[in-house]
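Just entry01.txt here, compact mmCIF, C-alpha atoms:
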# COMPACT_ATOMS: atom_id res chain seq x y z
CA MET D 1 -50.72 -5.94 -20.92
CA HIS D 2 -47.37 -7.68 -20.55
CA PHE D 3 -46.96 -9.50 -23.90
CA ARG D 4 -47.90 -8.36 -27.39
CA ASN D 5 -48.83 -11.89 -28.48
CA ARG D 6 -47.74 -15.49 -27.98
CA PHE D 7 -44.69 -15.12 -30.22
CA ASP D 8 -43.48 -12.16 -28.19
CA ALA D 9 -44.07 -14.13 -25.00
CA GLY D 10 -42.14 -17.07 -26.44
CA ARG D 11 -39.16 -14.91 -27.34
CA GLN D 12 -39.00 -13.48 -23.82
CA LEU D 13 -39.39 -16.94 -22.31
CA GLY D 14 -36.73 -18.41 -24.59
CA GLU D 15 -34.21 -15.75 -23.58
CA ALA D 16 -34.87 -16.53 -19.90
CA LEU D 17 -34.30 -20.24 -20.51
CA LYS D 18 -31.26 -19.87 -22.77
CA PRO D 19 -28.53 -19.61 -20.11
CA ARG D 20 -29.51 -22.97 -18.63
CA TYR D 21 -30.89 -24.90 -21.58
CA GLY D 22 -29.60 -23.30 -24.79
CA ASP D 23 -27.74 -25.57 -27.27
CA ARG D 24 -28.09 -28.63 -25.06
CA PRO D 25 -28.29 -31.80 -27.16
CA ASP D 26 -30.55 -33.45 -24.60
CA ALA D 27 -33.11 -30.61 -24.42
CA LEU D 28 -36.56 -31.13 -25.94
CA VAL D 29 -39.38 -28.57 -26.05
CA LEU D 30 -42.92 -29.95 -25.78
CA ALA D 31 -45.84 -27.59 -26.30
CA LEU D 32 -49.31 -27.97 -24.84
CA PRO D 33 -51.58 -27.23 -27.80
CA ARG D 34 -53.04 -25.18 -29.01
CA GLY D 35 -52.01 -21.90 -27.40
CA GLY D 36 -48.69 -23.21 -26.13
CA VAL D 37 -47.40 -23.97 -29.62
CA PRO D 38 -46.57 -20.41 -30.83
CA VAL D 39 -44.84 -19.78 -27.50
CA ALA D 40 -42.90 -23.04 -27.67
CA HIS D 41 -41.97 -22.44 -31.32
CA GLU D 42 -40.02 -19.33 -30.33
CA VAL D 43 -38.53 -21.05 -27.27
CA ALA D 44 -37.29 -23.98 -29.37
CA GLN D 45 -35.70 -21.66 -31.92
CA ILE D 46 -33.84 -19.69 -29.27
CA LEU D 47 -32.68 -22.83 -27.46
CA ASN D 48 -31.81 -24.61 -30.72
CA ALA D 49 -33.91 -27.55 -29.51
CA PRO D 50 -36.41 -29.90 -31.17
CA LEU D 51 -40.11 -29.02 -30.89
CA ASP D 52 -43.11 -31.31 -30.60
CA VAL D 53 -46.56 -31.24 -29.05
CA PHE D 54 -47.74 -33.05 -25.96
CA VAL D 55 -51.48 -33.40 -26.23
CA VAL D 56 -53.39 -33.71 -22.96
CA ARG D 57 -57.09 -34.48 -22.69
CA LYS D 58 -58.72 -34.09 -19.30
CA LEU D 59 -61.06 -36.83 -18.07
CA GLY D 60 -63.94 -34.93 -16.50
CA VAL D 61 -66.14 -36.25 -13.72
CA PRO D 62 -69.56 -37.16 -15.18
CA GLY D 63 -71.90 -34.22 -14.67
CA HIS D 64 -69.02 -32.07 -13.41
CA GLU D 65 -66.66 -32.13 -16.39
CA GLU D 66 -64.64 -29.18 -15.12
CA LEU D 67 -63.39 -31.43 -12.28
CA ALA D 68 -60.63 -33.75 -13.51
CA MET D 69 -60.66 -37.40 -12.44
CA GLY D 70 -57.60 -37.96 -14.60
CA ALA D 71 -56.11 -37.31 -18.02
CA ILE D 72 -54.74 -39.06 -21.05
CA ALA D 73 -51.78 -37.73 -22.99
CA SER D 74 -49.45 -38.23 -25.92
CA GLY D 75 -47.42 -41.42 -25.85
CA GLY D 76 -50.25 -43.47 -24.36
CA ALA D 77 -49.85 -42.13 -20.83
CA THR D 78 -52.91 -42.24 -18.56
CA VAL D 79 -52.96 -40.63 -15.12
CA PHE D 80 -55.67 -40.57 -12.48
CA ASN D 81 -56.58 -38.23 -9.66
CA GLU D 82 -57.05 -41.04 -7.15
CA ASP D 83 -58.40 -38.69 -4.47
CA VAL D 84 -61.23 -37.61 -6.75
CA VAL D 85 -61.96 -41.11 -8.03
CA GLN D 86 -62.11 -42.61 -4.53
CA SER D 87 -63.91 -39.77 -2.76
CA LEU D 88 -66.69 -39.70 -5.38
CA GLY D 89 -66.80 -43.47 -5.83
CA ILE D 90 -66.55 -43.21 -9.61
CA PRO D 91 -67.05 -46.66 -11.15
CA ARG D 92 -64.49 -48.08 -13.55
CA TYR D 93 -66.89 -48.20 -16.49
CA PHE D 94 -67.38 -44.41 -16.24
CA ILE D 95 -63.62 -43.95 -16.37
CA ASP D 96 -63.24 -46.35 -19.31
CA ALA D 97 -65.99 -44.54 -21.22
CA ALA D 98 -64.31 -41.19 -20.65
CA ILE D 99 -60.96 -42.58 -21.79
CA ASP D 100 -62.50 -43.98 -24.99
CA ARG D 101 -64.25 -40.69 -25.71
CA GLU D 102 -61.20 -38.50 -25.15
CA ARG D 103 -58.75 -40.87 -26.86
CA GLY D 104 -60.53 -40.31 -30.15
CA GLU D 105 -60.08 -36.55 -29.87
CA LEU D 106 -56.47 -36.92 -28.73
CA GLU D 107 -55.66 -39.13 -31.73
CA ARG D 108 -57.45 -36.72 -34.09
CA ARG D 109 -55.40 -33.81 -32.80
CA GLU D 110 -52.14 -35.71 -33.03
CA ARG D 111 -52.88 -36.66 -36.65
CA GLU D 112 -53.80 -33.07 -37.43
CA TYR D 113 -50.72 -31.62 -35.78
CA ARG D 114 -48.03 -34.19 -36.48
CA GLY D 115 -49.20 -35.99 -39.62
CA ASN D 116 -47.31 -39.27 -40.03
CA ARG D 117 -44.40 -38.31 -37.80
CA PRO D 118 -44.19 -40.46 -34.65
CA PRO D 119 -44.01 -38.82 -31.21
CA VAL D 120 -40.51 -38.03 -30.03
CA ASP D 121 -38.89 -40.28 -27.44
CA VAL D 122 -38.43 -38.35 -24.18
CA ARG D 123 -36.37 -40.98 -22.36
CA GLY D 124 -33.19 -39.47 -20.99
CA LYS D 125 -34.14 -35.97 -22.20
CA ILE D 126 -34.57 -32.67 -20.43
CA VAL D 127 -38.22 -32.07 -21.30
CA ILE D 128 -39.29 -28.41 -21.31
CA LEU D 129 -43.09 -28.25 -21.12
CA VAL D 130 -44.43 -24.96 -22.47
CA ASP D 131 -47.86 -23.35 -22.40
CA ASP D 132 -49.04 -19.77 -22.96
CA GLY D 133 -49.91 -19.36 -19.28
CA LEU D 134 -51.27 -21.12 -16.21
CA ALA D 135 -54.25 -20.24 -14.07
CA THR D 136 -55.19 -23.39 -12.14
CA GLY D 137 -52.57 -25.39 -14.05
CA ALA D 138 -54.75 -28.53 -14.33
CA SER D 139 -53.60 -29.41 -17.86
CA MET D 140 -49.96 -28.79 -17.00
CA HIS D 141 -50.23 -30.94 -13.88
CA ALA D 142 -51.63 -33.76 -16.03
CA ALA D 143 -48.87 -33.27 -18.60
CA VAL D 144 -46.18 -33.41 -15.91
CA ARG D 145 -47.55 -36.62 -14.45
CA ALA D 146 -47.84 -38.18 -17.90
CA VAL D 147 -44.31 -37.18 -18.93
CA GLN D 148 -42.91 -38.55 -15.66
CA ALA D 149 -44.18 -41.99 -16.73
CA LEU D 150 -42.12 -41.76 -19.95
CA GLN D 151 -38.75 -41.66 -18.11
CA PRO D 152 -37.22 -38.29 -18.98
CA ASN D 153 -34.00 -37.21 -17.30
CA ALA D 154 -35.61 -33.98 -16.03
CA ILE D 155 -38.80 -31.96 -16.45
CA VAL D 156 -38.93 -28.19 -16.74
CA VAL D 157 -42.18 -26.21 -16.77
CA ALA D 158 -41.88 -22.90 -18.61
CA VAL D 159 -44.63 -20.32 -19.10
CA PRO D 160 -44.79 -16.57 -19.73
CA ALA D 161 -47.49 -15.86 -17.13
CA ALA D 162 -48.97 -17.80 -14.25
CA ALA D 163 -50.59 -17.58 -10.87
CA GLU D 164 -47.85 -17.69 -8.23
CA SER D 165 -49.69 -20.38 -6.25
CA THR D 166 -49.76 -22.59 -9.36
CA CYS D 167 -46.03 -22.14 -9.94
CA ALA D 168 -45.39 -22.97 -6.29
CA ARG D 169 -47.30 -26.26 -6.58
CA LEU D 170 -45.46 -27.21 -9.75
CA ARG D 171 -42.09 -26.59 -8.08
CA THR D 172 -42.86 -29.54 -5.81
CA MET D 173 -43.41 -31.78 -8.84
CA VAL D 174 -40.64 -31.01 -11.35
CA ASP D 175 -36.95 -30.16 -11.56
CA ASP D 176 -37.31 -26.52 -12.60
CA VAL D 177 -40.11 -23.99 -13.09
CA VAL D 178 -39.73 -20.75 -15.05
CA CYS D 179 -42.70 -18.37 -14.74
CA LEU D 180 -41.75 -14.97 -16.18
CA PHE D 181 -44.69 -13.02 -14.79
CA THR D 182 -46.72 -13.91 -11.69
CA PRO D 183 -49.10 -11.02 -10.99
CA GLU D 184 -51.52 -11.10 -8.08
CA PRO D 185 -54.41 -11.23 -8.50
CA PHE D 186 -53.80 -13.29 -11.62
CA ARG D 187 -57.35 -13.19 -13.04
CA ALA D 188 -56.82 -15.02 -16.36
CA VAL D 189 -54.06 -15.82 -18.84
CA SER D 190 -55.67 -13.64 -21.50
CA ALA D 191 -55.44 -10.56 -19.26
CA TRP D 192 -51.68 -10.34 -19.83
CA TYR D 193 -51.70 -10.46 -23.64
CA GLU D 194 -52.54 -7.66 -26.03
CA ASP D 195 -53.47 -10.26 -28.69
CA PHE D 196 -54.80 -13.54 -27.30
CA SER D 197 -56.70 -14.68 -30.39
CA GLN D 198 -57.29 -18.42 -30.67
CA THR D 199 -54.57 -20.57 -32.20
CA THR D 200 -56.03 -22.84 -34.89
CA ASP D 201 -55.24 -26.47 -35.65
CA ARG D 202 -53.78 -25.37 -39.00
CA GLU D 203 -51.44 -22.89 -37.31
CA VAL D 204 -50.25 -25.62 -34.95
CA HIS D 205 -49.62 -27.96 -37.88
CA ASN D 206 -47.71 -25.28 -39.81
CA LEU D 207 -45.52 -24.28 -36.86
CA LEU D 208 -44.57 -27.90 -36.15
CA ALA D 209 -43.86 -28.52 -39.83
CA GLU D 210 -41.64 -25.44 -39.92
CA ALA D 211 -39.75 -26.62 -36.85
CA VAL D 212 -38.77 -29.94 -38.44
CA SER D 213 -38.16 -28.68 -41.98
Please go through the file and, once you have read it, give me the structure as structure tokens.
Amino acid sequence: MHFRNRFDAGRQLGEALKPRYGDRPDALVLALPRGGVPVAHEVAQILNAPLDVFVVRKLGVPGHEELAMGAIASGGATVFNEDVVQSLGIPRYFIDAAIDRERGELERREREYRGNRPPVDVRGKIVILVDDGLATGASMHAAVRAVQALQPNAIVVAVPAAAESTCARLRTMVDDVVCLFTPEPFRAVSAWYEDFSQTTDREVHNLLAEAVS
């Protein structure tokens, strides 16, 4: 085990980020819920930066939902994996149906997590995207592509543990990548935490409320 829990991981990650991003007025920490929120909460405190969530919902290929044909995300961003869509000949009505289905869940989660507070504006910001770890990195890839459409000044991906190959791919997409721990073989994110119990919607809500209080 490398981290006691997500809060411990977040504190270690925050200290690694602090020399570059601490006390910067243009820094913004966005967590991928749910597991990324406790990590990002500690990061935001150490950096003295605002915290919000960036909800991503994968659009699965019909019958093969584990394969992403795209994703929708906070702020109304929609991204597509054009290679998958074209190679499988997925019709537009399938895509539209998936978007409608996942948008409902995305909106539910945003209401649950954020209440009546509007999403933060990322334009001109250094956006630090945080999750509790990355195996394939599919959700983080979708988040990066969605944030890019919202015109930030820079995008940083920061995680406590990740597969080295995933970090390498992300380095070609964003301005900075901080992966504290990249063991090989990686196996799974949970393998590197002593306590990897599920983060609940209520815990996410409470941590976000605490961050803005």
Test item: residues at most 9 Å from Leu106 of chain D, all atoms listed in the file, excluding those fewer than 4 positions along its chain, as a list in words: Val55, Val56, Arg57, Ile72, Ala73, Ser74, Glu102, Glu110 and Arg111 of chain D
Selection from above, C-alpha atoms, as an mmCIF file, keeping the file's coordinate frame, can you write it?
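Output below, filename result_25.cif:
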data_model
loop_
_atom_site.group_PDB
_atom_site.id
_atom_site.type_symbol
_atom_site.label_atom_id
_atom_site.label_comp_id
_atom_site.auth_asym_id
_atom_site.auth_seq_id
_atom_site.Cartn_x
_atom_site.Cartn_y
_atom_site.Cartn_z
ATOM 1 C CA VAL D 55 -51.480 -33.400 -26.230
ATOM 2 C CA VAL D 56 -53.390 -33.710 -22.960
ATOM 3 C CA ARG D 57 -57.090 -34.480 -22.690
ATOM 4 C CA ILE D 72 -54.740 -39.060 -21.050
ATOM 5 C CA ALA D 73 -51.780 -37.730 -22.990
ATOM 6 C CA SER D 74 -49.450 -38.230 -25.920
ATOM 7 C CA GLU D 102 -61.200 -38.500 -25.150
ATOM 8 C CA GLU D 110 -52.140 -35.710 -33.030
ATOM 9 C CA ARG D 111 -52.880 -36.660 -36.650
#
Among the residues D:Val130, D:Ala211, D:Ala191, D:Ala31, the one that comes closest to Asn5 of chain D [using all atoms listed in the file]: D:Ala191
For His2 of chain D: contacts at 10 Å, all atoms listed in the file, fewer than 3 positions along chain excluded, given as a PyMOL selection string: chain D and resi 5+8-9+160-161+181+191-194
Could you take the residues named above and write them with C-alpha atoms, as a PDB file, in the frame of the given file?
ATOM      1  CA  ASN D   5     -48.830 -11.890 -28.480  1.00  0.00           C
ATOM      2  CA  ASP D   8     -43.480 -12.160 -28.190  1.00  0.00           C
ATOM      3  CA  ALA D   9     -44.070 -14.130 -25.000  1.00  0.00           C
ATOM      4  CA  PRO D 160     -44.790 -16.570 -19.730  1.00  0.00           C
ATOM      5  CA  ALA D 161     -47.490 -15.860 -17.130  1.00  0.00           C
ATOM      6  CA  PHE D 181     -44.690 -13.020 -14.790  1.00  0.00           C
ATOM      7  CA  ALA D 191     -55.440 -10.560 -19.260  1.00  0.00           C
ATOM      8  CA  TRP D 192     -51.680 -10.340 -19.830  1.00  0.00           C
ATOM      9  CA  TYR D 193     -51.700 -10.460 -23.640  1.00  0.00           C
ATOM     10  CA  GLU D 194     -52.540  -7.660 -26.030  1.00  0.00           C
TER      11      GLU D 194
END
From (-47.7, -37.1, -22.4), in the file's coordinates, out to 6 Å: which residues are reached, counting only C-alpha atoms? Answer as a ChimeraX atom specification. /D:54,73-75,77,143,146-147
Residue neighbourhood Leu129 of chain D, 8 Å, all atoms listed in the file, exclusion window fewer than 2 positions, as a list in words: Val29, Leu30, Ala31, Leu32, Val127, Asp131, Val144, Ile155, Val156, Val157 and Ala158 of chain D
Coordinates-based distance that separates atom CA of Gly133 of chain D from atom CA of Phe186 of chain D (Å, one decimal):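 Separating atom CA of Phe186 of chain D from atom CA of Gly133 of chain D is a distance of 10.5 Å.
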Residues within 9 Å of Ala27 of chain D, all atoms listed in the file, excluding chain neighbours under 3 positions, as number ranges by chain: D: 21-24, 47-50, 125-128
Mind working out the centre and edge lengths of an axis-aligned box for segment 177-185 of chain D, all listed atoms inside, 5 Å added to each side, rounded to one decimal in Å and written as JSON?
{"center_x": -47.1, "center_y": -17.5, "center_z": -12.1, "size_x": 24.7, "size_y": 23.0, "size_z": 18.1}
By how many Å are atom CA of Asp83 of chain D and atom CA of Arg101 of chain D apart? 22.1 Å
Which residue of D:Gly124, D:Thr199, D:Ile46, D:Arg145 approaches Arg20 of chain D most closely, using all atoms listed in the file: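 With all atoms listed in the file as the atom set, the closest residue is D:Ile46.
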Give me the residues near Ala135 of chain D as an mmCIF file with C-alpha atoms, in the coordinates of the input, where near means some atom within 6 Å (using only C-alpha atoms) and where sequence neighbours in that chain fewer than 2 positions away do not count.
data_model
loop_
_atom_site.group_PDB
_atom_site.id
_atom_site.type_symbol
_atom_site.label_atom_id
_atom_site.label_comp_id
_atom_site.auth_asym_id
_atom_site.auth_seq_id
_atom_site.Cartn_x
_atom_site.Cartn_y
_atom_site.Cartn_z
ATOM 1 C CA GLY D 137 -52.570 -25.390 -14.050
ATOM 2 C CA ALA D 162 -48.970 -17.800 -14.250
ATOM 3 C CA ALA D 163 -50.590 -17.580 -10.870
#
Sel. within 10 Å of pt (-51.8, -33.5, -38.3), counting all atoms listed in the file, output as a short mmCIF file (atom, residue, chain, number, x, y, z; two decimals) with C-alpha atoms, keeping the file's coordinate frame:
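Result written to out-v9.cif:
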data_model
loop_
_atom_site.label_atom_id
_atom_site.label_comp_id
_atom_site.auth_asym_id
_atom_site.auth_seq_id
_atom_site.Cartn_x
_atom_site.Cartn_y
_atom_site.Cartn_z
CA GLU D 107 -55.66 -39.13 -31.73
CA ARG D 108 -57.45 -36.72 -34.09
CA ARG D 109 -55.40 -33.81 -32.80
CA GLU D 110 -52.14 -35.71 -33.03
CA ARG D 111 -52.88 -36.66 -36.65
CA GLU D 112 -53.80 -33.07 -37.43
CA TYR D 113 -50.72 -31.62 -35.78
CA ARG D 114 -48.03 -34.19 -36.48
CA GLY D 115 -49.20 -35.99 -39.62
CA ASN D 116 -47.31 -39.27 -40.03
CA ARG D 117 -44.40 -38.31 -37.80
CA ASP D 201 -55.24 -26.47 -35.65
CA ARG D 202 -53.78 -25.37 -39.00
CA VAL D 204 -50.25 -25.62 -34.95
CA HIS D 205 -49.62 -27.96 -37.88
CA ASN D 206 -47.71 -25.28 -39.81
CA LEU D 208 -44.57 -27.90 -36.15
CA ALA D 209 -43.86 -28.52 -39.83
#
Just the number, please: distance in Å from atom CA of Ala44 of chain D to atom CA of Pro152 of chain D, one decimal.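 For atom CA of Ala44 of chain D relative to atom CA of Pro152 of chain D, the distance reads 17.7 Å.
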Name the closest residue to Lys58 of chain D among the candidates D:Val85, D:Ile90, D:Ala98, D:Leu150; distances are taken between atoms, counting only C-alpha atoms.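 That would be D:Ala98, the residue with the smallest distance to Lys58 of chain D.
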Tell me which of D:Asp96, D:Ala154, D:Leu51, D:Glu105 sits closest to Phe80 of chain D, counting all atoms listed in the file.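 The answer is D:Asp96, which sits nearest to Phe80 of chain D.
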From the list D:Val79, D:Leu67, D:Met140, D:Val61, which residue is nearest Pro91 of chain D when using only C-alpha atoms? D:Val61
Would you kindly place N, CA and C atoms on segment 119-131 of chain D and return the model as a short mmCIF file (atom, residue, chain, number, x, y, z; two decimals), in the coordinates of the input?
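For reference, result_2.cif as written:
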data_model
loop_
_atom_site.label_atom_id
_atom_site.label_comp_id
_atom_site.auth_asym_id
_atom_site.auth_seq_id
_atom_site.Cartn_x
_atom_site.Cartn_y
_atom_site.Cartn_z
N PRO D 119 -44.40 -39.67 -32.35
CA PRO D 119 -44.01 -38.82 -31.21
C PRO D 119 -42.53 -38.99 -30.90
N VAL D 120 -41.92 -37.93 -30.40
CA VAL D 120 -40.51 -38.03 -30.03
C VAL D 120 -40.35 -38.86 -28.76
N ASP D 121 -39.21 -39.47 -28.62
CA ASP D 121 -38.89 -40.28 -27.44
C ASP D 121 -38.28 -39.35 -26.39
N VAL D 122 -38.91 -39.27 -25.22
CA VAL D 122 -38.43 -38.35 -24.18
C VAL D 122 -37.47 -39.01 -23.20
N ARG D 123 -37.24 -40.30 -23.33
CA ARG D 123 -36.37 -40.98 -22.36
C ARG D 123 -34.98 -40.37 -22.36
N GLY D 124 -34.51 -40.04 -21.15
CA GLY D 124 -33.19 -39.47 -20.99
C GLY D 124 -33.06 -38.02 -21.39
N LYS D 125 -34.18 -37.36 -21.75
CA LYS D 125 -34.14 -35.97 -22.20
C LYS D 125 -34.48 -35.00 -21.07
N ILE D 126 -34.06 -33.77 -21.24
CA ILE D 126 -34.57 -32.67 -20.43
C ILE D 126 -35.80 -32.15 -21.17
N VAL D 127 -36.96 -32.43 -20.65
CA VAL D 127 -38.22 -32.07 -21.30
C VAL D 127 -38.68 -30.72 -20.77
N ILE D 128 -38.83 -29.75 -21.68
CA ILE D 128 -39.29 -28.41 -21.31
C ILE D 128 -40.74 -28.29 -21.78
N LEU D 129 -41.66 -28.34 -20.83
CA LEU D 129 -43.09 -28.25 -21.12
C LEU D 129 -43.50 -26.79 -21.16
N VAL D 130 -44.12 -26.37 -22.26
CA VAL D 130 -44.43 -24.96 -22.47
C VAL D 130 -45.91 -24.77 -22.75
N ASP D 131 -46.51 -23.78 -22.08
CA ASP D 131 -47.86 -23.35 -22.40
C ASP D 131 -47.86 -21.82 -22.43
#
